[in-house]
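Chemist: Next comes start-v9.pdb, PDB, C-alpha atoms:
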ATOM      1  CA  GLN A  26     -12.941  15.061   5.416
ATOM      2  CA  LEU A  27     -11.727  11.739   4.037
ATOM      3  CA  GLN A  28      -7.973  11.429   4.247
ATOM      4  CA  LEU A  29      -5.189   8.870   4.042
ATOM      5  CA  VAL A  30      -1.780   9.665   5.508
ATOM      6  CA  GLU A  31       1.300   7.553   4.856
ATOM      7  CA  SER A  32       4.341   7.460   7.102
ATOM      8  CA  GLY A  33       7.380   5.312   7.764
ATOM      9  CA  GLY A  34       9.449   5.960   4.681
ATOM     10  CA  GLY A  35      13.143   6.737   4.802
ATOM     11  CA  LEU A  36      16.635   5.719   3.770
ATOM     12  CA  VAL A  37      17.662   2.112   4.328
ATOM     13  CA  GLN A  38      20.536  -0.060   3.186
ATOM     14  CA  PRO A  39      19.987  -2.985   0.813
ATOM     15  CA  GLY A  40      18.729  -5.971   2.751
ATOM     16  CA  GLY A  41      17.144  -3.751   5.365
ATOM     17  CA  SER A  42      13.530  -3.353   6.437
ATOM     18  CA  LEU A  43      10.924  -0.637   6.760
ATOM     19  CA  ARG A  44       7.313  -0.571   7.844
ATOM     20  CA  LEU A  45       5.006   1.865   6.130
ATOM     21  CA  SER A  46       1.752   2.975   7.729
ATOM     22  CA  CYS A  47      -1.424   4.243   6.078
ATOM     23  CA  ALA A  48      -3.768   5.916   8.534
ATOM     24  CA  ALA A  49      -7.333   6.780   7.584
ATOM     25  CA  SER A  50      -9.373   9.630   8.949
ATOM     26  CA  GLY A  51     -12.959  10.510   8.192
ATOM     27  CA  PHE A  52     -13.897   6.953   7.225
ATOM     28  CA  THR A  53     -13.568   3.370   8.409
ATOM     29  CA  LEU A  54     -11.075   1.243   6.547
ATOM     30  CA  ASP A  55     -13.087  -1.958   7.149
ATOM     31  CA  TYR A  56     -15.393  -1.141   4.251
ATOM     32  CA  TYR A  57     -12.655  -0.448   1.724
ATOM     33  CA  ALA A  58      -9.922  -2.292  -0.071
ATOM     34  CA  ILE A  59      -6.574  -0.661   0.559
ATOM     35  CA  GLY A  60      -3.780  -0.742  -1.953
ATOM     36  CA  TRP A  61      -0.140   0.212  -1.824
ATOM     37  CA  PHE A  62       1.377   1.637  -4.974
ATOM     38  CA  ARG A  63       4.802   3.035  -5.797
ATOM     39  CA  GLN A  64       6.293   5.316  -8.377
ATOM     40  CA  ALA A  65       9.982   5.708  -9.135
ATOM     41  CA  PRO A  66      11.328   8.713 -11.078
ATOM     42  CA  GLY A  67      10.589   8.358 -14.766
ATOM     43  CA  GLU A  68       8.469   5.273 -14.220
ATOM     44  CA  GLU A  69       4.748   4.649 -14.195
ATOM     45  CA  ARG A  70       3.015   4.064 -10.913
ATOM     46  CA  GLU A  71       2.636   0.358 -10.153
ATOM     47  CA  GLY A  72       0.635  -1.691  -7.706
ATOM     48  CA  VAL A  73       2.597  -3.316  -4.904
ATOM     49  CA  SER A  74       0.032  -4.955  -2.662
ATOM     50  CA  CYS A  75      -3.600  -4.780  -1.610
ATOM     51  CA  ILE A  76      -5.850  -6.010   1.151
ATOM     52  CA  ARG A  77      -9.582  -6.659   0.774
ATOM     53  CA  SER A  78     -12.213  -5.081   2.931
ATOM     54  CA  PHE A  79     -12.357  -6.557   6.416
ATOM     55  CA  GLY A  80      -8.923  -8.051   5.770
ATOM     56  CA  ARG A  81     -10.389 -10.992   3.909
ATOM     57  CA  GLY A  82      -7.479 -11.502   1.605
ATOM     58  CA  THR A  83      -4.324  -9.987   0.203
ATOM     59  CA  ASN A  84      -2.451  -9.830  -3.046
ATOM     60  CA  TYR A  85       1.067  -8.871  -4.069
ATOM     61  CA  ALA A  86       3.019  -7.907  -7.137
ATOM     62  CA  ASP A  87       5.417 -10.662  -8.209
ATOM     63  CA  SER A  88       8.369  -8.372  -7.563
ATOM     64  CA  VAL A  89       7.629  -8.154  -3.820
ATOM     65  CA  LYS A  90       6.145 -11.573  -3.025
ATOM     66  CA  GLY A  91       7.885 -13.181  -0.094
ATOM     67  CA  ARG A  92       9.449  -9.886   0.984
ATOM     68  CA  PHE A  93       6.497  -7.539   1.659
ATOM     69  CA  THR A  94       3.526  -8.152   3.925
ATOM     70  CA  ILE A  95       0.361  -6.073   4.078
ATOM     71  CA  SER A  96      -1.793  -6.076   7.182
ATOM     72  CA  GLY A  97      -4.485  -4.013   8.842
ATOM     73  CA  ASP A  98      -5.343  -2.850  12.341
ATOM     74  CA  ASN A  99      -9.049  -2.123  12.333
ATOM     75  CA  ALA A 100      -8.997  -0.567  15.792
ATOM     76  CA  LYS A 101      -6.537   2.049  14.545
ATOM     77  CA  ASP A 102      -7.948   2.339  11.001
ATOM     78  CA  THR A 103      -4.411   1.775   9.779
ATOM     79  CA  VAL A 104      -2.922  -0.494   7.136
ATOM     80  CA  TYR A 105       0.732  -1.437   7.215
ATOM     81  CA  LEU A 106       3.224  -2.555   4.608
ATOM     82  CA  GLU A 107       6.104  -4.460   6.130
ATOM     83  CA  MET A 108       9.000  -4.440   3.696
ATOM     84  CA  ASN A 109      11.927  -6.795   4.213
ATOM     85  CA  ASP A 110      15.060  -7.602   2.218
ATOM     86  CA  LEU A 111      14.778  -4.265   0.465
ATOM     87  CA  LYS A 112      16.557  -3.766  -2.840
ATOM     88  CA  PRO A 113      17.639  -0.590  -4.635
ATOM     89  CA  GLU A 114      14.893  -1.183  -7.189
ATOM     90  CA  ASP A 115      12.323  -0.822  -4.404
ATOM     91  CA  SER A 116      13.226   2.871  -4.144
ATOM     92  CA  ALA A 117      10.169   4.969  -4.967
ATOM     93  CA  VAL A 118       7.453   7.145  -3.522
ATOM     94  CA  TYR A 119       4.944   4.810  -1.922
ATOM     95  CA  TYR A 120       1.251   5.687  -1.875
ATOM     96  CA  CYS A 121      -1.700   4.071  -0.192
ATOM     97  CA  ALA A 122      -5.177   4.328  -1.630
ATOM     98  CA  ALA A 123      -8.704   3.194  -0.801
ATOM     99  CA  SER A 124     -11.336   1.678  -3.069
ATOM    100  CA  GLY A 125     -15.006   1.206  -2.291
ATOM    101  CA  PHE A 126     -15.770  -0.636  -5.521
ATOM    102  CA  THR A 127     -17.223  -4.074  -4.876
ATOM    103  CA  SER A 128     -14.915  -5.732  -7.397
ATOM    104  CA  VAL A 129     -11.880  -4.450  -5.519
ATOM    105  CA  ARG A 130     -13.215  -4.927  -2.003
ATOM    106  CA  THR A 131     -13.977  -8.587  -2.681
ATOM    107  CA  MET A 132     -11.036  -9.530  -4.903
ATOM    108  CA  CYS A 133      -8.313  -6.934  -5.063
ATOM    109  CA  THR A 134      -5.627  -7.600  -7.639
ATOM    110  CA  MET A 135      -2.845  -5.651  -9.279
ATOM    111  CA  GLY A 136      -3.959  -3.514 -12.194
ATOM    112  CA  GLN A 137      -7.016  -1.956 -10.551
ATOM    113  CA  GLU A 138      -5.418   1.408  -9.916
ATOM    114  CA  SER A 139      -8.181   3.348 -11.668
ATOM    115  CA  LEU A 140     -10.703   1.985  -9.156
ATOM    116  CA  TYR A 141      -8.995   3.565  -6.163
ATOM    117  CA  THR A 142     -10.636   6.870  -5.298
ATOM    118  CA  PHE A 143      -8.878   8.142  -2.173
ATOM    119  CA  TRP A 144      -5.122   8.616  -2.202
ATOM    120  CA  GLY A 145      -2.509   9.630   0.329
ATOM    121  CA  GLN A 146       0.278  12.087  -0.332
ATOM    122  CA  GLY A 147       3.023   9.469  -0.494
ATOM    123  CA  THR A 148       6.145   8.649   1.469
ATOM    124  CA  GLN A 149       9.644   8.312   0.028
ATOM    125  CA  VAL A 150      11.543   5.044   0.335
ATOM    126  CA  THR A 151      15.191   5.043  -0.686
ATOM    127  CA  VAL A 152      17.270   1.870  -0.654
ATOM    128  CA  SER A 153      20.936   2.656  -1.012
ATOM    129  CA  SER A 154      24.295   1.867   0.518
TER
END
How does this structure look as structure tokens?

Modeler:
Amino acid sequence: QLQLVESGGGLVQPGGSLRLSCAASGFTLDYYAIGWFRQAPGEEREGVSCIRSFGRGTNYADSVKGRFTISGDNAKDTVYLEMNDLKPEDSAVYYCAASGFTSVRTMCTMGQESLYTFWGQGTQVTVSS
């Protein structure tokens, strides 16, 4: 059974850091692009970051550039999202997702949400003092 499981969310003060994990089971992440998305209450889900298959490149939403870093550990079939200098507006449920579409695997960008076929259950991130 193909599954993605996120972890690492929690409550953090503004300016703090968190590292989210996205662990895959039932398939090898190497062959997929992995994206991180987030959805705040009353808002549409938005793309945050993505990493191409085999870790050949990354992309970020403008709102998180310079603060978030996506990376992968192929041996563990896990993708991470390191989040630094967190702001209250970063509060949301964060989801990871996998895409096997060639266009995403070779050049992942924001706005390709419909091309992601496997989704995790999400992990809550709350940034508040």

Chemist: For this file, the PyMOL selection byres ((chain A and resi 130) around 8) selects which residues, as a ChimeraX atom specification?

Modeler: /A:56-58,77-78,124-129,131-133

Chemist: Emit the selected residues as a PDB file, in the frame of the given file, including C-alpha atoms.

Modeler:
ATOM      1  CA  TYR A  56     -15.393  -1.141   4.251  1.00  0.00           C
ATOM      2  CA  TYR A  57     -12.655  -0.448   1.724  1.00  0.00           C
ATOM      3  CA  ALA A  58      -9.922  -2.292  -0.071  1.00  0.00           C
ATOM      4  CA  ARG A  77      -9.582  -6.659   0.774  1.00  0.00           C
ATOM      5  CA  SER A  78     -12.213  -5.081   2.931  1.00  0.00           C
ATOM      6  CA  SER A 124     -11.336   1.678  -3.069  1.00  0.00           C
ATOM      7  CA  GLY A 125     -15.006   1.206  -2.291  1.00  0.00           C
ATOM      8  CA  PHE A 126     -15.770  -0.636  -5.521  1.00  0.00           C
ATOM      9  CA  THR A 127     -17.223  -4.074  -4.876  1.00  0.00           C
ATOM     10  CA  SER A 128     -14.915  -5.732  -7.397  1.00  0.00           C
ATOM     11  CA  VAL A 129     -11.880  -4.450  -5.519  1.00  0.00           C
ATOM     12  CA  THR A 131     -13.977  -8.587  -2.681  1.00  0.00           C
ATOM     13  CA  MET A 132     -11.036  -9.530  -4.903  1.00  0.00           C
ATOM     14  CA  CYS A 133      -8.313  -6.934  -5.063  1.00  0.00           C
TER      15      CYS A 133
END

Chemist: Might you pull out every residue within 12 Å of region 85-92 of chain A, with only C-alpha atoms counted and same-chain residues fewer than 6 positions away left off, and present them as a list of chain:residue names?

Modeler: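 Neighbouring residues, sequence-local ones excluded: A:Gly40, A:Gly41, A:Ser42, A:Leu43, A:Arg44, A:Gly60, A:Trp61, A:Phe62, A:Arg63, A:Glu71, A:Gly72, A:Val73, A:Ser74, A:Cys75, A:Ile76, A:Arg77, A:Leu106, A:Glu107, A:Met108, A:Asn109, A:Asp110, A:Leu111, A:Lys112, A:Glu114, A:Asp115, A:Cys133, A:Thr134, A:Met135, A:Gly136.
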
Chemist: Could you tell me how far CA of Gly35 (chain A) lies from CA of Val152 (chain A), in Å and to one decimal?

Modeler: 8.4 Å

Chemist: Which residue out of A:Val150, A:Leu45, A:Leu140, A:Leu27 has the minimum interatomic distance to Thr103 (chain A) when all atoms listed in the file are used?

Modeler: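 For Thr103 (chain A), the nearest of the given residues is A:Leu45.
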
Chemist: Rounded to one decimal place, report the CA of Gly145 (chain A)-CA of Val104 (chain A) distance in Å.

Modeler: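 That distance, rounded to one decimal, is 12.2 Å.
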
Chemist: Ranking A:Glu69, A:Leu29, A:Ala100, A:Ala123 by minimum distance to Gly147 (chain A) and counting all atoms listed in the file, which one comes first?

Modeler: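 The shortest atom-to-atom distance to Gly147 (chain A) comes from A:Leu29.
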
Chemist: Counting all atoms listed in the file, which residues sit no farther than 6 Å from the position (8.0, 3.7, 2.7) in the file's frame? I'd like them as a ChimeraX atom specification.

Modeler: /A:33-34,45,119,148-150

Chemist: Have a look at CA of Gln28 (chain A) and CA of Ala122 (chain A) and let me know their distance in Å, one decimal.

Modeler: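 It comes out at 9.6 Å.
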
Chemist: If the PyMOL selection byres ((chain A and resi 98) around 12) were run on this exact file, what residues would it hold? Put them as a list in words.

Modeler: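 Output of the PyMOL selection byres ((chain A and resi 98) around 12): Ser46, Cys47, Ala48, Ala49, Thr53, Leu54, Asp55, Ile76, Ser78, Phe79, Gly80, Ile95, Ser96, Gly97, Asn99, Ala100, Lys101, Asp102, Thr103, Val104, Tyr105 and Leu106 of chain A.
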
Chemist: How big is the axis-aligned box, and where does its centre sit, when it encloses all atoms of region 130-141 of chain A listed in the file and has 4 Å added on every side, reported in Å to one decimal as JSON?

Modeler:
{"center_x": -8.4, "center_y": -3.0, "center_z": -7.1, "size_x": 19.1, "size_y": 21.1, "size_z": 18.2}

Chemist: What does the PyMOL selection byres ((chain A and resi 153) around 7) select in this file, as a PyMOL selection string?

Modeler: chain A and resi 37-39+113+151-152+154

Chemist: Ranking A:Val118, A:Gln137, A:Glu68, A:Gln146 by minimum distance to Leu36 (chain A) and counting all atoms listed in the file, which one comes first?

Modeler: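 When distances to Leu36 (chain A) are compared using all atoms listed in the file, the smallest one comes from A:Val118.
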
Chemist: Could region 31-52 of chain A be completed with N, CA, C and O atoms and returned as a PDB file, keeping the file's coordinate frame?

Modeler:
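Result file rebuild20.pdb:
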ATOM      1  N   GLU A  31       0.238   8.549   4.781  1.00  0.00           N
ATOM      2  CA  GLU A  31       1.300   7.553   4.856  1.00  0.00           C
ATOM      3  C   GLU A  31       2.443   8.057   5.721  1.00  0.00           C
ATOM      4  O   GLU A  31       2.686   9.271   5.816  1.00  0.00           O
ATOM      5  N   SER A  32       3.142   7.131   6.334  1.00  0.00           N
ATOM      6  CA  SER A  32       4.341   7.460   7.102  1.00  0.00           C
ATOM      7  C   SER A  32       5.238   6.236   7.143  1.00  0.00           C
ATOM      8  O   SER A  32       4.814   5.134   6.763  1.00  0.00           O
ATOM      9  N   GLY A  33       6.473   6.437   7.588  1.00  0.00           N
ATOM     10  CA  GLY A  33       7.380   5.312   7.764  1.00  0.00           C
ATOM     11  C   GLY A  33       8.461   5.187   6.715  1.00  0.00           C
ATOM     12  O   GLY A  33       9.325   4.311   6.812  1.00  0.00           O
ATOM     13  N   GLY A  34       8.417   6.031   5.700  1.00  0.00           N
ATOM     14  CA  GLY A  34       9.449   5.960   4.681  1.00  0.00           C
ATOM     15  C   GLY A  34      10.790   6.462   5.202  1.00  0.00           C
ATOM     16  O   GLY A  34      10.883   6.992   6.312  1.00  0.00           O
ATOM     17  N   GLY A  35      11.827   6.270   4.405  1.00  0.00           N
ATOM     18  CA  GLY A  35      13.143   6.737   4.802  1.00  0.00           C
ATOM     19  C   GLY A  35      14.234   6.115   3.969  1.00  0.00           C
ATOM     20  O   GLY A  35      13.966   5.499   2.933  1.00  0.00           O
ATOM     21  N   LEU A  36      15.454   6.274   4.439  1.00  0.00           N
ATOM     22  CA  LEU A  36      16.635   5.719   3.770  1.00  0.00           C
ATOM     23  C   LEU A  36      17.056   4.444   4.494  1.00  0.00           C
ATOM     24  O   LEU A  36      17.190   4.441   5.725  1.00  0.00           O
ATOM     25  N   VAL A  37      17.274   3.393   3.739  1.00  0.00           N
ATOM     26  CA  VAL A  37      17.662   2.112   4.328  1.00  0.00           C
ATOM     27  C   VAL A  37      18.674   1.443   3.406  1.00  0.00           C
ATOM     28  O   VAL A  37      18.648   1.650   2.185  1.00  0.00           O
ATOM     29  N   GLN A  38      19.543   0.654   3.982  1.00  0.00           N
ATOM     30  CA  GLN A  38      20.536  -0.060   3.186  1.00  0.00           C
ATOM     31  C   GLN A  38      19.917  -1.288   2.526  1.00  0.00           C
ATOM     32  O   GLN A  38      18.928  -1.827   3.037  1.00  0.00           O
ATOM     33  N   PRO A  39      20.486  -1.744   1.426  1.00  0.00           N
ATOM     34  CA  PRO A  39      19.987  -2.985   0.813  1.00  0.00           C
ATOM     35  C   PRO A  39      19.980  -4.121   1.828  1.00  0.00           C
ATOM     36  O   PRO A  39      20.920  -4.265   2.620  1.00  0.00           O
ATOM     37  N   GLY A  40      18.898  -4.893   1.785  1.00  0.00           N
ATOM     38  CA  GLY A  40      18.729  -5.971   2.751  1.00  0.00           C
ATOM     39  C   GLY A  40      18.011  -5.544   4.013  1.00  0.00           C
ATOM     40  O   GLY A  40      17.642  -6.393   4.838  1.00  0.00           O
ATOM     41  N   GLY A  41      17.807  -4.258   4.174  1.00  0.00           N
ATOM     42  CA  GLY A  41      17.144  -3.751   5.365  1.00  0.00           C
ATOM     43  C   GLY A  41      15.639  -3.822   5.288  1.00  0.00           C
ATOM     44  O   GLY A  41      15.071  -4.348   4.326  1.00  0.00           O
ATOM     45  N   SER A  42      14.987  -3.279   6.325  1.00  0.00           N
ATOM     46  CA  SER A  42      13.530  -3.353   6.437  1.00  0.00           C
ATOM     47  C   SER A  42      12.947  -1.991   6.789  1.00  0.00           C
ATOM     48  O   SER A  42      13.615  -1.156   7.421  1.00  0.00           O
ATOM     49  N   LEU A  43      11.716  -1.801   6.382  1.00  0.00           N
ATOM     50  CA  LEU A  43      10.924  -0.637   6.760  1.00  0.00           C
ATOM     51  C   LEU A  43       9.483  -1.072   6.920  1.00  0.00           C
ATOM     52  O   LEU A  43       9.050  -2.033   6.271  1.00  0.00           O
ATOM     53  N   ARG A  44       8.748  -0.355   7.755  1.00  0.00           N
ATOM     54  CA  ARG A  44       7.313  -0.571   7.844  1.00  0.00           C
ATOM     55  C   ARG A  44       6.602   0.738   7.551  1.00  0.00           C
ATOM     56  O   ARG A  44       6.783   1.727   8.265  1.00  0.00           O
ATOM     57  N   LEU A  45       5.814   0.711   6.493  1.00  0.00           N
ATOM     58  CA  LEU A  45       5.006   1.865   6.130  1.00  0.00           C
ATOM     59  C   LEU A  45       3.634   1.771   6.789  1.00  0.00           C
ATOM     60  O   LEU A  45       3.088   0.672   6.935  1.00  0.00           O
ATOM     61  N   SER A  46       3.090   2.910   7.156  1.00  0.00           N
ATOM     62  CA  SER A  46       1.752   2.975   7.729  1.00  0.00           C
ATOM     63  C   SER A  46       0.858   3.844   6.859  1.00  0.00           C
ATOM     64  O   SER A  46       1.326   4.821   6.266  1.00  0.00           O
ATOM     65  N   CYS A  47      -0.406   3.474   6.806  1.00  0.00           N
ATOM     66  CA  CYS A  47      -1.424   4.243   6.078  1.00  0.00           C
ATOM     67  C   CYS A  47      -2.588   4.429   7.034  1.00  0.00           C
ATOM     68  O   CYS A  47      -3.324   3.488   7.300  1.00  0.00           O
ATOM     69  N   ALA A  48      -2.726   5.627   7.552  1.00  0.00           N
ATOM     70  CA  ALA A  48      -3.768   5.916   8.534  1.00  0.00           C
ATOM     71  C   ALA A  48      -4.921   6.649   7.878  1.00  0.00           C
ATOM     72  O   ALA A  48      -4.719   7.628   7.156  1.00  0.00           O
ATOM     73  N   ALA A  49      -6.138   6.165   8.153  1.00  0.00           N
ATOM     74  CA  ALA A  49      -7.333   6.780   7.584  1.00  0.00           C
ATOM     75  C   ALA A  49      -8.004   7.694   8.589  1.00  0.00           C
ATOM     76  O   ALA A  49      -8.015   7.405   9.789  1.00  0.00           O
ATOM     77  N   SER A  50      -8.539   8.772   8.105  1.00  0.00           N
ATOM     78  CA  SER A  50      -9.373   9.630   8.949  1.00  0.00           C
ATOM     79  C   SER A  50     -10.607  10.031   8.152  1.00  0.00           C
ATOM     80  O   SER A  50     -10.541  10.185   6.939  1.00  0.00           O
ATOM     81  N   GLY A  51     -11.723  10.131   8.852  1.00  0.00           N
ATOM     82  CA  GLY A  51     -12.959  10.510   8.192  1.00  0.00           C
ATOM     83  C   GLY A  51     -13.742   9.337   7.630  1.00  0.00           C
ATOM     84  O   GLY A  51     -14.852   9.518   7.135  1.00  0.00           O
ATOM     85  N   PHE A  52     -13.178   8.140   7.666  1.00  0.00           N
ATOM     86  CA  PHE A  52     -13.897   6.953   7.225  1.00  0.00           C
ATOM     87  C   PHE A  52     -13.269   5.724   7.864  1.00  0.00           C
ATOM     88  O   PHE A  52     -12.171   5.781   8.409  1.00  0.00           O
TER      89      PHE A  52
END
